[in-house]
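Right, one structure below, let's go through it.
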Amino acid sequence: MLPPEVRESLAAAEYLCAHSAGGDIAQLLKLGLAKPEWIDGSKVLDSLLLARMVDENRVKGSYELETFLLSRRNTAPWKATTSDLLEATGC
């Protein structure tokens with residue numbers, strides 16, 4: 001069950017921004033929260049598709065969100081910390 005704040009945020013959102021948005025849209029459909037313009041893609045910004053459009057010749061695994069961002073920007077990695085936390089808590 002989604003908290004009311006999440007439902008309110010989704011209801012107020014004009015665009016859906018995601019990395020590989022198809023799975024997110026499928027879940028939103030199951031929850032009855034997907035907007036028609038998200039389903040038809042007219043108001044979806046999918047960073048995975050955009051990354052592939054920028055460079056269609058990257059090697060396997062290089063389109064993962066963190067990997068792609070780190071290849072383009074000087075920023076600190078975050079995924080290992082998140083993965084460790086998920087493993088420790090089982091959530």
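Going by the structure tokens order, chains are called A, B, ..., each with residues numbered from 1, while ligands are numbered from 1 in the order shown.
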
Exercise for the section: Report as a VMD selection string: the residues of chain A with a DSSP assignment of helix (DSSP H, G or I), based on the backbone of this structure. Expected result: chain A and resid 4 to 12 21 to 30 36 to 39 47 to 54 65 to 72 79 to 89

Exercise for the section: Report as a list in words: the residues of chain A with a DSSP assignment of strand (DSSP E or B), based on the backbone of this structure. Expected result: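 Filtering chain A down to strand (DSSP E or B) leaves Leu16, Cys17, Ala18, Val44, Leu45 and Asp46 of chain A.
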
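Distance-wise, CA of Leu49 (chain A) and CA of Gly22 (chain A) end up 10.6 Å apart.
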
Practice task
Compare A:Gly61, A:Pro3, A:Gly23, A:Pro77 by their minimum atom-to-atom distance to Ile39 (chain A), counting only C-alpha atoms, and give me the closest one.
Solution key: A:Gly23

Exercise for the section: Quick one: pull the distance between CA of Arg73 (chain A) and CA of Arg52 (chain A), Å, one decimal. Expected result: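 If I compute the distance from CA of Arg73 (chain A) to CA of Arg52 (chain A), I get 16.6 Å.
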
Problem - Interatomic distance (Å, one decimal) between CA of Val59 (chain A) and CA of Leu85 (chain A) - result: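 Pair CA of Val59 (chain A) / CA of Leu85 (chain A) returns 27.8 Å.
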
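Residues lying within 10 Å of Glu37 (chain A), counting only C-alpha atoms and ignoring same-chain neighbours fewer than 3 positions away, are Glu14, Tyr15, Leu16, Ala34, Asp40, Gly41, Ser42, Lys43 and Val44 of chain A.
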
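Comparing the minimum interatomic distances between Ser20 (chain A) and each of A:Ser83, A:Leu65, A:Thr75, A:Asp55, counting only C-alpha atoms, we find that A:Leu65 sits nearest.
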
Problem - Which of A:Leu10, A:Cys17, A:Leu33, A:Leu28 sits closest to Asp46 (chain A) [using only C-alpha atoms] - result: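 Smallest separation from Asp46 (chain A) among the options: A:Cys17.
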